[in-house]
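The next block is coords38.cif, given as mmCIF, C-alpha atoms and all ligand atoms.
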```cif
data_coords
#
loop_
_atom_site.group_PDB
_atom_site.id
_atom_site.type_symbol
_atom_site.label_atom_id
_atom_site.label_comp_id
_atom_site.auth_asym_id
_atom_site.auth_seq_id
_atom_site.Cartn_x
_atom_site.Cartn_y
_atom_site.Cartn_z
ATOM 1 C CA LEU A 118 -22.168 14.184 -48.150
ATOM 2 C CA SER A 119 -22.872 11.534 -50.742
ATOM 3 C CA VAL A 120 -19.990 9.082 -50.855
ATOM 4 C CA GLN A 121 -19.687 7.440 -54.250
ATOM 5 C CA ARG A 122 -15.915 7.074 -54.245
ATOM 6 C CA VAL A 123 -13.820 6.612 -51.137
ATOM 7 C CA PHE A 124 -10.099 6.024 -50.692
ATOM 8 C CA ILE A 125 -9.068 4.413 -47.378
ATOM 9 C CA SER A 126 -5.550 3.818 -46.027
ATOM 10 C CA GLY A 127 -5.084 1.104 -43.421
ATOM 11 C CA ALA A 128 -7.839 -0.980 -44.985
ATOM 12 C CA SER A 129 -6.230 -4.381 -44.351
ATOM 13 C CA SER A 130 -7.322 -4.592 -40.711
ATOM 14 C CA GLY A 131 -9.427 -3.212 -37.887
ATOM 15 C CA LEU A 132 -11.194 0.109 -38.362
ATOM 16 C CA GLY A 133 -9.997 0.652 -41.946
ATOM 17 C CA ALA A 134 -11.330 -2.755 -43.038
ATOM 18 C CA ALA A 135 -14.622 -2.029 -41.256
ATOM 19 C CA LEU A 136 -14.882 1.359 -42.995
ATOM 20 C CA ALA A 137 -14.316 -0.394 -46.323
ATOM 21 C CA ALA A 138 -17.158 -2.804 -45.538
ATOM 22 C CA HIS A 139 -19.395 0.089 -44.467
ATOM 23 C CA TYR A 140 -18.916 2.074 -47.671
ATOM 24 C CA ALA A 141 -18.997 -1.034 -49.870
ATOM 25 C CA ALA A 142 -22.432 -1.826 -48.425
ATOM 26 C CA GLN A 143 -23.525 1.632 -49.577
ATOM 27 C CA GLY A 144 -22.370 0.839 -53.092
ATOM 28 C CA ALA A 145 -19.347 3.146 -53.081
ATOM 29 C CA GLN A 146 -16.353 2.587 -55.307
ATOM 30 C CA LEU A 147 -13.394 1.828 -53.058
ATOM 31 C CA GLY A 148 -9.679 2.528 -53.146
ATOM 32 C CA LEU A 149 -8.020 0.429 -50.450
ATOM 33 C CA LEU A 150 -4.409 0.711 -49.340
ATOM 34 C CA ALA A 151 -2.110 -0.982 -46.832
ATOM 35 C CA ARG A 152 1.349 -2.558 -46.805
ATOM 36 C CA ARG A 153 -0.148 -6.031 -46.752
ATOM 37 C CA GLY A 154 -1.844 -5.980 -50.128
ATOM 38 C CA ALA A 155 -2.769 -9.642 -49.744
ATOM 39 C CA ARG A 156 -4.867 -8.820 -46.681
ATOM 40 C CA LEU A 157 -6.910 -6.135 -48.367
ATOM 41 C CA PRO A 158 -10.485 -7.343 -48.729
ATOM 42 C CA THR A 159 -10.943 -8.941 -52.153
ATOM 43 C CA THR A 160 -14.680 -9.390 -51.875
ATOM 44 C CA TYR A 161 -15.638 -5.979 -53.217
ATOM 45 C CA PRO A 162 -16.058 -5.986 -56.988
ATOM 46 C CA ASP A 163 -15.597 -2.236 -57.182
ATOM 47 C CA ALA A 164 -12.368 -1.972 -55.201
ATOM 48 C CA PHE A 165 -8.989 -0.819 -56.435
ATOM 49 C CA CYS A 166 -6.326 -2.222 -54.126
ATOM 50 C CA TYR A 167 -2.881 -0.775 -53.471
ATOM 51 C CA SER A 168 -0.027 -2.302 -51.547
ATOM 52 C CA ALA A 169 1.998 0.668 -50.314
ATOM 53 C CA ASP A 170 3.569 2.165 -47.227
ATOM 54 C CA VAL A 171 2.102 5.532 -46.223
ATOM 55 C CA ARG A 172 5.630 6.699 -45.352
ATOM 56 C CA ASP A 173 6.588 6.452 -49.028
ATOM 57 C CA ALA A 174 5.398 9.732 -50.586
ATOM 58 C CA GLU A 175 6.181 8.586 -54.124
ATOM 59 C CA ALA A 176 4.308 5.280 -53.752
ATOM 60 C CA MET A 177 1.340 7.166 -52.295
ATOM 61 C CA ARG A 178 1.334 9.593 -55.217
ATOM 62 C CA THR A 179 1.402 6.676 -57.646
ATOM 63 C CA ALA A 180 -1.496 4.946 -55.890
ATOM 64 C CA GLY A 181 -3.469 8.211 -55.726
ATOM 65 C CA ALA A 182 -2.871 8.986 -59.406
ATOM 66 C CA ASP A 183 -4.011 5.484 -60.361
ATOM 67 C CA PHE A 184 -7.225 5.839 -58.369
ATOM 68 C CA LEU A 185 -7.902 9.277 -59.839
ATOM 69 C CA ALA A 186 -7.392 7.932 -63.366
ATOM 70 C CA ARG A 187 -9.453 4.782 -62.940
ATOM 71 C CA ALA A 188 -12.195 5.787 -60.506
ATOM 72 C CA GLY A 189 -12.252 9.581 -60.586
ATOM 73 C CA VAL A 190 -12.002 12.153 -57.825
ATOM 74 C CA PRO A 191 -12.926 10.608 -54.470
ATOM 75 C CA ASP A 192 -15.691 12.220 -52.415
ATOM 76 C CA LEU A 193 -13.930 11.047 -49.288
ATOM 77 C CA VAL A 194 -10.353 10.127 -48.342
ATOM 78 C CA ILE A 195 -9.889 8.457 -44.963
ATOM 79 C CA ALA A 196 -6.360 8.323 -43.537
ATOM 80 C CA CYS A 197 -6.785 5.450 -41.132
ATOM 81 C CA ALA A 198 -3.374 3.722 -41.307
ATOM 82 C CA GLY A 199 -1.693 3.838 -37.929
ATOM 83 C CA VAL A 200 0.495 1.987 -35.458
ATOM 84 C CA SER A 201 0.790 2.038 -31.703
ATOM 85 C CA VAL A 202 3.525 0.803 -29.424
ATOM 86 C CA GLY A 203 4.905 1.785 -26.032
ATOM 87 C CA THR A 204 8.024 3.960 -26.097
ATOM 88 C CA LEU A 205 10.451 5.253 -23.486
ATOM 89 C CA SER A 206 12.619 8.251 -24.297
ATOM 90 C CA GLU A 207 15.497 6.941 -22.189
ATOM 91 C CA ASP A 208 15.766 3.623 -23.997
ATOM 92 C CA ALA A 209 17.873 3.619 -27.160
ATOM 93 C CA ALA A 210 15.951 0.614 -28.448
ATOM 94 C CA ASP A 211 12.811 2.771 -28.656
ATOM 95 C CA LEU A 212 14.293 5.591 -30.743
ATOM 96 C CA ALA A 213 13.464 3.902 -34.032
ATOM 97 C CA ALA A 214 9.962 3.005 -32.815
ATOM 98 C CA PHE A 215 9.334 6.649 -31.899
ATOM 99 C CA GLN A 216 10.313 7.755 -35.394
ATOM 100 C CA THR A 217 8.189 5.030 -37.004
ATOM 101 C CA VAL A 218 5.065 5.996 -35.049
ATOM 102 C CA LEU A 219 5.412 9.679 -35.950
ATOM 103 C CA ASP A 220 6.208 8.912 -39.597
ATOM 104 C CA ILE A 221 3.260 6.567 -40.103
ATOM 105 C CA ASN A 222 0.611 8.289 -37.973
ATOM 106 C CA LEU A 223 1.398 11.905 -38.868
ATOM 107 C CA VAL A 224 3.483 12.178 -42.046
ATOM 108 C CA GLY A 225 1.696 9.152 -43.541
ATOM 109 C CA MET A 226 -1.591 11.047 -43.177
ATOM 110 C CA LEU A 227 -0.212 13.959 -45.174
ATOM 111 C CA HIS A 228 1.039 11.526 -47.850
ATOM 112 C CA THR A 229 -2.454 9.986 -48.001
ATOM 113 C CA PHE A 230 -4.281 13.272 -48.556
ATOM 114 C CA HIS A 231 -1.738 15.019 -50.770
ATOM 115 C CA PRO A 232 -2.415 13.180 -54.072
ATOM 116 C CA PHE A 233 -6.111 14.083 -53.997
ATOM 117 C CA ILE A 234 -6.163 17.712 -52.898
ATOM 118 C CA ALA A 235 -5.541 19.374 -56.267
ATOM 119 C CA ALA A 236 -8.319 17.351 -57.936
ATOM 120 C CA MET A 237 -10.762 18.017 -55.081
ATOM 121 C CA ARG A 238 -9.898 21.715 -55.259
ATOM 122 C CA THR A 239 -10.636 21.792 -58.996
ATOM 123 C CA ARG A 240 -13.969 20.071 -58.401
ATOM 124 C CA GLY A 241 -14.713 22.299 -55.397
ATOM 125 C CA SER A 242 -15.813 19.533 -53.035
ATOM 126 C CA GLY A 243 -14.700 16.502 -51.059
ATOM 127 C CA CYS A 244 -13.815 15.427 -47.562
ATOM 128 C CA LEU A 245 -10.476 14.531 -45.988
ATOM 129 C CA ALA A 246 -10.916 12.540 -42.776
ATOM 130 C CA GLY A 247 -8.089 11.612 -40.449
ATOM 131 C CA ILE A 248 -8.220 9.160 -37.555
ATOM 132 C CA GLY A 249 -6.947 10.694 -34.336
ATOM 133 C CA SER A 250 -7.395 9.263 -30.857
ATOM 134 C CA VAL A 251 -8.460 10.126 -27.334
ATOM 135 C CA ALA A 252 -4.842 9.179 -26.539
ATOM 136 C CA GLY A 253 -3.900 12.493 -28.157
ATOM 137 C CA VAL A 254 -5.824 14.578 -25.621
ATOM 138 C CA ARG A 255 -3.173 14.222 -22.902
ATOM 139 C CA GLY A 256 0.260 12.636 -22.882
ATOM 140 C CA LEU A 257 0.067 9.046 -21.665
ATOM 141 C CA ALA A 258 2.979 7.616 -19.691
ATOM 142 C CA GLY A 259 4.810 5.001 -21.738
ATOM 143 C CA GLY A 260 2.888 6.055 -24.843
ATOM 144 C CA SER A 261 4.756 9.249 -25.658
ATOM 145 C CA ALA A 262 5.160 8.601 -29.375
ATOM 146 C CA TYR A 263 1.550 7.549 -29.895
ATOM 147 C CA SER A 264 0.083 10.391 -27.794
ATOM 148 C CA ALA A 265 2.348 12.927 -29.508
ATOM 149 C CA SER A 266 1.444 11.574 -32.950
ATOM 150 C CA LYS A 267 -2.290 11.777 -32.283
ATOM 151 C CA ALA A 268 -2.065 15.252 -30.715
ATOM 152 C CA ALA A 269 -0.131 16.302 -33.810
ATOM 153 C CA VAL A 270 -2.782 14.731 -36.046
ATOM 154 C CA ARG A 271 -5.505 16.797 -34.343
ATOM 155 C CA VAL A 272 -3.608 20.055 -34.820
ATOM 156 C CA TYR A 273 -2.479 19.144 -38.354
ATOM 157 C CA LEU A 274 -6.103 18.473 -39.325
ATOM 158 C CA GLU A 275 -7.163 21.802 -37.854
ATOM 159 C CA SER A 276 -4.622 23.670 -40.001
ATOM 160 C CA LEU A 277 -5.707 21.662 -43.025
ATOM 161 C CA ARG A 278 -9.367 22.448 -42.314
ATOM 162 C CA LEU A 279 -8.711 26.173 -42.507
ATOM 163 C CA GLU A 280 -6.641 25.759 -45.656
ATOM 164 C CA MET A 281 -9.315 23.665 -47.404
ATOM 165 C CA ARG A 282 -12.377 25.688 -46.373
ATOM 166 C CA PRO A 283 -12.249 28.250 -49.201
ATOM 167 C CA ALA A 284 -12.002 25.369 -51.682
ATOM 168 C CA GLY A 285 -15.185 23.741 -50.368
ATOM 169 C CA ILE A 286 -13.285 20.713 -49.028
ATOM 170 C CA ASP A 287 -14.286 19.460 -45.566
ATOM 171 C CA VAL A 288 -11.746 18.145 -43.091
ATOM 172 C CA ALA A 289 -12.739 15.839 -40.234
ATOM 173 C CA CYS A 290 -10.804 14.525 -37.257
ATOM 174 C CA ILE A 291 -12.335 11.346 -35.886
ATOM 175 C CA ALA A 292 -10.949 10.489 -32.457
ATOM 176 C CA PRO A 293 -11.964 7.040 -31.233
ATOM 177 C CA GLY A 294 -11.637 5.816 -27.685
ATOM 178 C CA TYR A 295 -11.001 2.064 -27.717
ATOM 179 C CA ILE A 296 -11.811 -0.225 -30.633
ATOM 180 C CA ASP A 297 -11.578 -3.995 -30.643
ATOM 181 C CA THR A 298 -8.827 -4.481 -33.263
ATOM 182 C CA PRO A 299 -5.371 -6.116 -33.359
ATOM 183 C CA MET A 300 -3.990 -2.776 -32.115
ATOM 184 C CA THR A 301 -5.705 -3.178 -28.756
ATOM 185 C CA HIS A 302 -5.479 -6.962 -28.400
ATOM 186 C CA VAL A 303 -2.068 -6.535 -26.775
ATOM 187 C CA ASN A 304 -3.301 -4.038 -24.160
ATOM 188 C CA PRO A 305 -2.986 -5.433 -20.633
ATOM 189 C CA TYR A 306 -5.579 -3.062 -19.158
ATOM 190 C CA ALA A 307 -9.307 -2.413 -19.035
ATOM 191 C CA MET A 308 -10.662 -0.546 -22.047
ATOM 192 C CA PRO A 309 -13.951 1.137 -21.134
ATOM 193 C CA TYR A 310 -16.572 1.715 -23.823
ATOM 194 C CA ARG A 311 -14.601 -0.386 -26.293
ATOM 195 C CA LEU A 312 -16.342 -0.524 -29.664
ATOM 196 C CA ALA A 313 -16.510 -3.374 -32.145
ATOM 197 C CA ALA A 314 -14.766 -2.311 -35.354
ATOM 198 C CA ASP A 315 -18.010 -2.239 -37.370
ATOM 199 C CA GLN A 316 -19.688 -0.109 -34.703
ATOM 200 C CA ALA A 317 -16.746 2.300 -34.749
ATOM 201 C CA ALA A 318 -16.903 2.463 -38.553
ATOM 202 C CA ARG A 319 -20.609 3.302 -38.402
ATOM 203 C CA LEU A 320 -20.063 6.085 -35.877
ATOM 204 C CA ALA A 321 -17.080 7.467 -37.801
ATOM 205 C CA ALA A 322 -19.063 7.441 -41.055
ATOM 206 C CA ARG A 323 -21.985 9.180 -39.358
ATOM 207 C CA ALA A 324 -19.699 11.922 -38.002
ATOM 208 C CA ILE A 325 -18.246 12.377 -41.504
ATOM 209 C CA THR A 326 -21.726 12.607 -43.057
ATOM 210 C CA GLN A 327 -22.716 15.169 -40.439
ATOM 211 C CA LYS A 328 -19.617 17.185 -41.397
ATOM 212 C CA ARG A 329 -18.347 17.165 -37.831
ATOM 213 C CA ARG A 330 -14.983 18.902 -37.643
ATOM 214 C CA HIS A 331 -13.869 16.894 -34.642
ATOM 215 C CA ALA A 332 -15.752 13.895 -33.316
ATOM 216 C CA VAL A 333 -14.850 11.666 -30.393
ATOM 217 C CA ILE A 334 -16.477 8.237 -30.630
ATOM 218 C CA PRO A 335 -18.369 6.810 -28.799
ATOM 219 C CA TRP A 336 -20.117 9.704 -27.042
ATOM 220 C CA GLN A 337 -19.151 8.358 -23.618
ATOM 221 C CA MET A 338 -15.493 8.805 -24.550
ATOM 222 C CA ALA A 339 -16.243 12.366 -25.641
ATOM 223 C CA TRP A 340 -17.025 13.103 -21.999
ATOM 224 C CA VAL A 341 -13.865 11.305 -20.898
ATOM 225 C CA ALA A 342 -11.910 13.443 -23.365
ATOM 226 C CA VAL A 343 -13.446 16.669 -22.002
ATOM 227 C CA LEU A 344 -12.638 15.613 -18.445
ATOM 228 C CA LEU A 345 -9.069 14.661 -19.375
ATOM 229 C CA LYS A 346 -8.549 17.946 -21.181
ATOM 230 C CA TRP A 347 -9.608 20.092 -18.255
ATOM 231 C CA LEU A 348 -7.979 18.126 -15.425
ATOM 232 C CA PRO A 349 -5.425 20.440 -13.786
ATOM 233 C CA ASP A 350 -1.855 19.227 -14.376
ATOM 234 C CA PRO A 351 -1.121 18.309 -10.731
ATOM 235 C CA VAL A 352 -4.293 16.206 -10.546
ATOM 236 C CA TYR A 353 -3.639 14.610 -13.934
ATOM 237 C CA ASP A 354 -0.076 13.729 -12.899
ATOM 238 C CA ARG A 355 -1.187 12.091 -9.674
ATOM 239 C CA LEU A 356 -3.948 10.089 -11.342
ATOM 240 C CA PHE A 357 -2.077 8.941 -14.448
ATOM 241 C CA GLU A 358 1.565 8.553 -13.373
ATOM 242 C CA LYS A 359 0.968 4.927 -12.499
ATOM 243 C CA ALA A 360 -1.594 4.107 -15.160
ATOM 244 C CA PRO A 361 -0.938 0.799 -16.950
ATOM 245 C CA ARG A 362 1.174 1.193 -20.067
ATOM 246 C CA LYS A 363 1.081 0.070 -23.663
ATOM 247 C CA PRO A 364 3.589 -2.778 -24.141
ATOM 248 C CA ARG A 365 6.899 -1.797 -25.722
ATOM 249 C CA GLY A 366 8.733 -3.808 -28.339
ATOM 250 C CA LEU A 367 7.578 -4.943 -31.712
ATOM 251 C CA LEU A 368 5.220 -2.801 -33.720
ATOM 252 C CA GLN A 369 2.338 -4.793 -35.085
ATOM 253 C CA HIS A 370 3.529 -5.735 -38.512
ATOM 254 C CA PRO A 371 3.375 -9.128 -40.147
ATOM 255 C CA SER A 372 6.814 -9.210 -41.668
ATOM 256 C CA GLY A 373 8.560 -7.563 -38.749
ATOM 257 C CA GLU A 374 9.831 -4.786 -41.014
ATOM 258 C CA ASN A 375 8.924 -1.327 -39.881
HETATM 259 N N1 LIG A 401 -7.924 0.367 -31.883
HETATM 260 C C1 LIG A 401 -8.133 1.436 -31.134
HETATM 261 O O1 LIG A 401 -8.524 1.337 -29.958
HETATM 262 C C2 LIG A 401 -7.902 2.804 -31.680
HETATM 263 C C3 LIG A 401 -8.258 3.896 -30.887
HETATM 264 C C4 LIG A 401 -8.056 5.172 -31.377
HETATM 265 C C5 LIG A 401 -7.527 5.367 -32.632
HETATM 266 N N2 LIG A 401 -7.193 4.278 -33.386
HETATM 267 C C6 LIG A 401 -6.612 4.542 -34.708
HETATM 268 O O2 LIG A 401 -7.398 3.881 -35.677
HETATM 269 C C7 LIG A 401 -6.568 3.599 -36.830
HETATM 270 C C8 LIG A 401 -6.735 2.145 -37.218
HETATM 271 O O3 LIG A 401 -6.238 1.340 -36.164
HETATM 272 P P1 LIG A 401 -6.785 -0.132 -35.876
HETATM 273 O O4 LIG A 401 -7.167 -0.176 -34.457
HETATM 274 O O5 LIG A 401 -7.753 -0.521 -36.916
HETATM 275 O O6 LIG A 401 -5.418 -0.928 -35.997
HETATM 276 P P2 LIG A 401 -4.998 -2.192 -36.877
HETATM 277 O O7 LIG A 401 -6.064 -3.221 -36.874
HETATM 278 O O8 LIG A 401 -3.630 -2.535 -36.401
HETATM 279 O O9 LIG A 401 -4.903 -1.575 -38.363
HETATM 280 C C9 LIG A 401 -3.942 -0.657 -38.717
HETATM 281 C C10 LIG A 401 -3.986 -0.505 -40.214
HETATM 282 O O10 LIG A 401 -2.982 0.457 -40.607
HETATM 283 C C11 LIG A 401 -2.205 -0.110 -41.655
HETATM 284 N N3 LIG A 401 -0.854 0.424 -41.626
HETATM 285 C C12 LIG A 401 -0.003 0.483 -40.569
HETATM 286 N N4 LIG A 401 1.184 0.998 -40.935
HETATM 287 C C13 LIG A 401 1.059 1.277 -42.260
HETATM 288 C C14 LIG A 401 1.952 1.826 -43.212
HETATM 289 N N5 LIG A 401 3.209 2.204 -42.873
HETATM 290 N N6 LIG A 401 1.531 1.984 -44.497
HETATM 291 C C15 LIG A 401 0.268 1.606 -44.845
HETATM 292 N N7 LIG A 401 -0.613 1.087 -43.974
HETATM 293 C C16 LIG A 401 -0.218 0.920 -42.706
HETATM 294 C C17 LIG A 401 -2.231 -1.602 -41.359
HETATM 295 O O11 LIG A 401 -1.983 -2.345 -42.538
HETATM 296 P P3 LIG A 401 -0.586 -3.077 -42.912
HETATM 297 O O12 LIG A 401 0.022 -3.550 -41.632
HETATM 298 O O13 LIG A 401 -1.036 -4.136 -43.843
HETATM 299 O O14 LIG A 401 0.198 -2.021 -43.584
HETATM 300 C C18 LIG A 401 -3.681 -1.794 -40.938
HETATM 301 O O15 LIG A 401 -4.501 -1.904 -42.079
HETATM 302 C C19 LIG A 401 -5.149 3.969 -36.423
HETATM 303 O O16 LIG A 401 -4.834 5.258 -36.907
HETATM 304 C C20 LIG A 401 -5.219 3.995 -34.912
HETATM 305 O O17 LIG A 401 -4.228 4.815 -34.339
HETATM 306 C C21 LIG A 401 -7.369 3.011 -32.945
#
```
As structure tokens, please, write out the structure in this file.
Amino acid sequence: LSVQRVFISGASSGLGAALAAHYAAQGAQLGLLARRGARLPTTYPDAFCYSADVRDAEAMRTAGADFLARAGVPDLVIACAGVSVGTLSEDAADLAAFQTVLDINLVGMLHTFHPFIAAMRTRGSGCLAGIGSVAGVRGLAGGSAYSASKAAVRVYLESLRLEMRPAGIDVACIAPGYIDTPMTHVNPYAMPYRLAADQAARLAARAITQKRRHAVIPWQMAWVAVLLKWLPDPVYDRLFEKAPRKPRGLLQHPSGEN
């Protein structure tokens, strides 16, 4: 896969920003999107920047149409925008957070891909890559919204892969373990095999180039994911019931608006 044009959501921070740097270094033309337009990297001469919320289908269509008109059909679209926060189903204060996590992580991914699919179909090539998570392999206590959103992302991407195959469009699900980004800075627990963001970007890009359908990064976490998947329910329950939890409360957003 030769990536000359790439559109990345969630490019203002963490993995998305590192992916932008990775593809910029390869000379690709970038389309970068996040809510905080001012935080999108301005150092790339070939970047088109969009300040938009992935939950806003209309705004995403406008951004996509602009990129298509100015840069052309992307070879690769990476839906990286995401949020994570602890949620409890019994607490009314978490209802809105639950909705926000599902809307951004799952529906936002659909809104990110949608504007480009028709053009990729006409051209007969391209790749749609979504960022999942090892947290989507099993339900984590206190992280119900995030785990559910990432499990849904994995299954959504599988459906999409089958739909896109006849059109020659690849679909990849990249499922990282832990990455050192603002999303994990709040975690009060050990994070084994945590990757630096640039390392994670390199591994994600390699998996995309290799046309992996589903790639857990790093490889050590792929084994963790296999183990988690096959643990019998009673054993899983006993081991993970008391596992430390993601903090609840504010979603990471600068302005406080979610
Ligand atoms: N960090 C990890 O350990 C880890 C592990 C597995 C998977 N992941 C996944 O990797 C992806 C990137 O996470 P990260 O760790 O790089 O987190 P991060 O540093 O917090 O970055 C998240 C990015 O998503 C953007 N974003 C969030 N909500 C958005 C919205 N409604 N509309 C548009 N953009 C939005 C943010 O930009 P604005 O706030 O400016 O909008 C930011 O650029 C996420 O999908 C996450 O679930 C992360």
Counting all atoms listed in the file, which residues of chain A fall within 8 Å of ligand LIG 401 (chain A), and what is the closest atom pair for each with its distance in Å at one decimal, ordered by chain and rising number, as JSON lines?
```
{"residue": "A:Ser126", "atom": "CA", "partner": "A:LIG401", "partner_atom": "N7", "distance": 6.0}
{"residue": "A:Gly127", "atom": "CA", "partner": "A:LIG401", "partner_atom": "O15", "distance": 3.3}
{"residue": "A:Ala128", "atom": "CA", "partner": "A:LIG401", "partner_atom": "O15", "distance": 4.5}
{"residue": "A:Ser129", "atom": "CA", "partner": "A:LIG401", "partner_atom": "O15", "distance": 3.8}
{"residue": "A:Ser130", "atom": "CA", "partner": "A:LIG401", "partner_atom": "O15", "distance": 4.1}
{"residue": "A:Gly131", "atom": "CA", "partner": "A:LIG401", "partner_atom": "O5", "distance": 3.3}
{"residue": "A:Leu132", "atom": "CA", "partner": "A:LIG401", "partner_atom": "O5", "distance": 3.8}
{"residue": "A:Gly133", "atom": "CA", "partner": "A:LIG401", "partner_atom": "O5", "distance": 5.6}
{"residue": "A:Ala134", "atom": "CA", "partner": "A:LIG401", "partner_atom": "O15", "distance": 6.9}
{"residue": "A:Leu150", "atom": "CA", "partner": "A:LIG401", "partner_atom": "C15", "distance": 6.5}
{"residue": "A:Ala151", "atom": "CA", "partner": "A:LIG401", "partner_atom": "N7", "distance": 3.8}
{"residue": "A:Arg152", "atom": "CA", "partner": "A:LIG401", "partner_atom": "O14", "distance": 3.5}
{"residue": "A:Arg153", "atom": "CA", "partner": "A:LIG401", "partner_atom": "O13", "distance": 3.6}
{"residue": "A:Gly154", "atom": "CA", "partner": "A:LIG401", "partner_atom": "O13", "distance": 6.6}
{"residue": "A:Arg156", "atom": "CA", "partner": "A:LIG401", "partner_atom": "O13", "distance": 6.7}
{"residue": "A:Leu157", "atom": "CA", "partner": "A:LIG401", "partner_atom": "O13", "distance": 7.7}
{"residue": "A:Ser168", "atom": "CA", "partner": "A:LIG401", "partner_atom": "C15", "distance": 7.8}
{"residue": "A:Ala169", "atom": "CA", "partner": "A:LIG401", "partner_atom": "C15", "distance": 5.8}
{"residue": "A:Asp170", "atom": "CA", "partner": "A:LIG401", "partner_atom": "N6", "distance": 3.4}
{"residue": "A:Val171", "atom": "CA", "partner": "A:LIG401", "partner_atom": "N6", "distance": 4.0}
{"residue": "A:Arg172", "atom": "CA", "partner": "A:LIG401", "partner_atom": "N5", "distance": 5.7}
{"residue": "A:Ala196", "atom": "CA", "partner": "A:LIG401", "partner_atom": "O16", "distance": 7.5}
{"residue": "A:Cys197", "atom": "CA", "partner": "A:LIG401", "partner_atom": "O16", "distance": 4.7}
{"residue": "A:Ala198", "atom": "CA", "partner": "A:LIG401", "partner_atom": "O10", "distance": 3.4}
{"residue": "A:Gly199", "atom": "CA", "partner": "A:LIG401", "partner_atom": "O16", "distance": 3.6}
{"residue": "A:Val200", "atom": "CA", "partner": "A:LIG401", "partner_atom": "C12", "distance": 5.4}
{"residue": "A:Ser201", "atom": "CA", "partner": "A:LIG401", "partner_atom": "O17", "distance": 6.3}
{"residue": "A:Ile221", "atom": "CA", "partner": "A:LIG401", "partner_atom": "N5", "distance": 5.2}
{"residue": "A:Asn222", "atom": "CA", "partner": "A:LIG401", "partner_atom": "O16", "distance": 6.3}
{"residue": "A:Gly225", "atom": "CA", "partner": "A:LIG401", "partner_atom": "N5", "distance": 7.1}
{"residue": "A:Gly247", "atom": "CA", "partner": "A:LIG401", "partner_atom": "O16", "distance": 8.0}
{"residue": "A:Ile248", "atom": "CA", "partner": "A:LIG401", "partner_atom": "O16", "distance": 5.2}
{"residue": "A:Gly249", "atom": "CA", "partner": "A:LIG401", "partner_atom": "C5", "distance": 5.6}
{"residue": "A:Ser250", "atom": "CA", "partner": "A:LIG401", "partner_atom": "C4", "distance": 4.2}
{"residue": "A:Val251", "atom": "CA", "partner": "A:LIG401", "partner_atom": "C4", "distance": 6.4}
{"residue": "A:Ala252", "atom": "CA", "partner": "A:LIG401", "partner_atom": "C4", "distance": 7.1}
{"residue": "A:Tyr263", "atom": "CA", "partner": "A:LIG401", "partner_atom": "O17", "distance": 7.8}
{"residue": "A:Lys267", "atom": "CA", "partner": "A:LIG401", "partner_atom": "O17", "distance": 7.5}
{"residue": "A:Ala292", "atom": "CA", "partner": "A:LIG401", "partner_atom": "C4", "distance": 6.1}
{"residue": "A:Pro293", "atom": "CA", "partner": "A:LIG401", "partner_atom": "C4", "distance": 4.3}
{"residue": "A:Gly294", "atom": "CA", "partner": "A:LIG401", "partner_atom": "C3", "distance": 5.0}
{"residue": "A:Tyr295", "atom": "CA", "partner": "A:LIG401", "partner_atom": "O1", "distance": 3.4}
{"residue": "A:Ile296", "atom": "CA", "partner": "A:LIG401", "partner_atom": "O1", "distance": 3.7}
{"residue": "A:Asp297", "atom": "CA", "partner": "A:LIG401", "partner_atom": "N1", "distance": 5.8}
{"residue": "A:Thr298", "atom": "CA", "partner": "A:LIG401", "partner_atom": "O7", "distance": 4.7}
{"residue": "A:Pro299", "atom": "CA", "partner": "A:LIG401", "partner_atom": "O7", "distance": 4.6}
{"residue": "A:Met300", "atom": "CA", "partner": "A:LIG401", "partner_atom": "O8", "distance": 4.3}
{"residue": "A:Thr301", "atom": "CA", "partner": "A:LIG401", "partner_atom": "N1", "distance": 5.2}
{"residue": "A:Arg311", "atom": "CA", "partner": "A:LIG401", "partner_atom": "O1", "distance": 7.3}
{"residue": "A:Ala314", "atom": "CA", "partner": "A:LIG401", "partner_atom": "O5", "distance": 7.4}
{"residue": "A:Gln369", "atom": "CA", "partner": "A:LIG401", "partner_atom": "O8", "distance": 6.5}
{"residue": "A:His370", "atom": "CA", "partner": "A:LIG401", "partner_atom": "O12", "distance": 5.2}
{"residue": "A:Pro371", "atom": "CA", "partner": "A:LIG401", "partner_atom": "O12", "distance": 6.7}
{"residue": "A:Asn375", "atom": "CA", "partner": "A:LIG401", "partner_atom": "N5", "distance": 7.4}
```
Residues selected by the PyMOL selection byres (((chain A and resi 230-234) around 8) and not hetatm), written as JSON, numbers by chain: {"A": [177, 178, 181, 182, 185, 190, 191, 194, 196, 226, 227, 228, 229, 235, 236, 237, 238, 245]}
Nearest to Pro283 in chain A, chosen from A:Thr239, A:Phe165, A:Ser264, A:Asp220, with only C-alpha atoms counted in the distances: A:Thr239
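Distance annotation: of A:Leu193, A:Ala246, A:Gly259, A:Thr179, the residue with the minimal separation from Glu207 in chain A is A:Gly259; atom set is all atoms listed in the file.
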d(CA of Val343 in chain A, CA of Ser276 in chain A) in Å: 21.2 Å
Residues selected by the PyMOL selection byres (((chain A and resi 341) around 12) and not hetatm), written as a count of residues only: 25
Selection near Gln121 in chain A, 8 Å with all atoms listed in the file, sequence-local residues under 2 positions removed, as a list in words: Ser119, Val123, Gly144, Ala145, Gln146, Pro191 and Asp192 of chain A
Atoms to include: C-alpha atoms. Write the selected residues as a JSON list (two decimals), in the frame of the given file.
```json
[["chain", "number", "residue", "atom", "x", "y", "z"],
["A", 119, "SER", "CA", -22.87, 11.53, -50.74],
["A", 123, "VAL", "CA", -13.82, 6.61, -51.14],
["A", 144, "GLY", "CA", -22.37, 0.84, -53.09],
["A", 145, "ALA", "CA", -19.35, 3.15, -53.08],
["A", 146, "GLN", "CA", -16.35, 2.59, -55.31],
["A", 191, "PRO", "CA", -12.93, 10.61, -54.47],
["A", 192, "ASP", "CA", -15.69, 12.22, -52.42]]
```
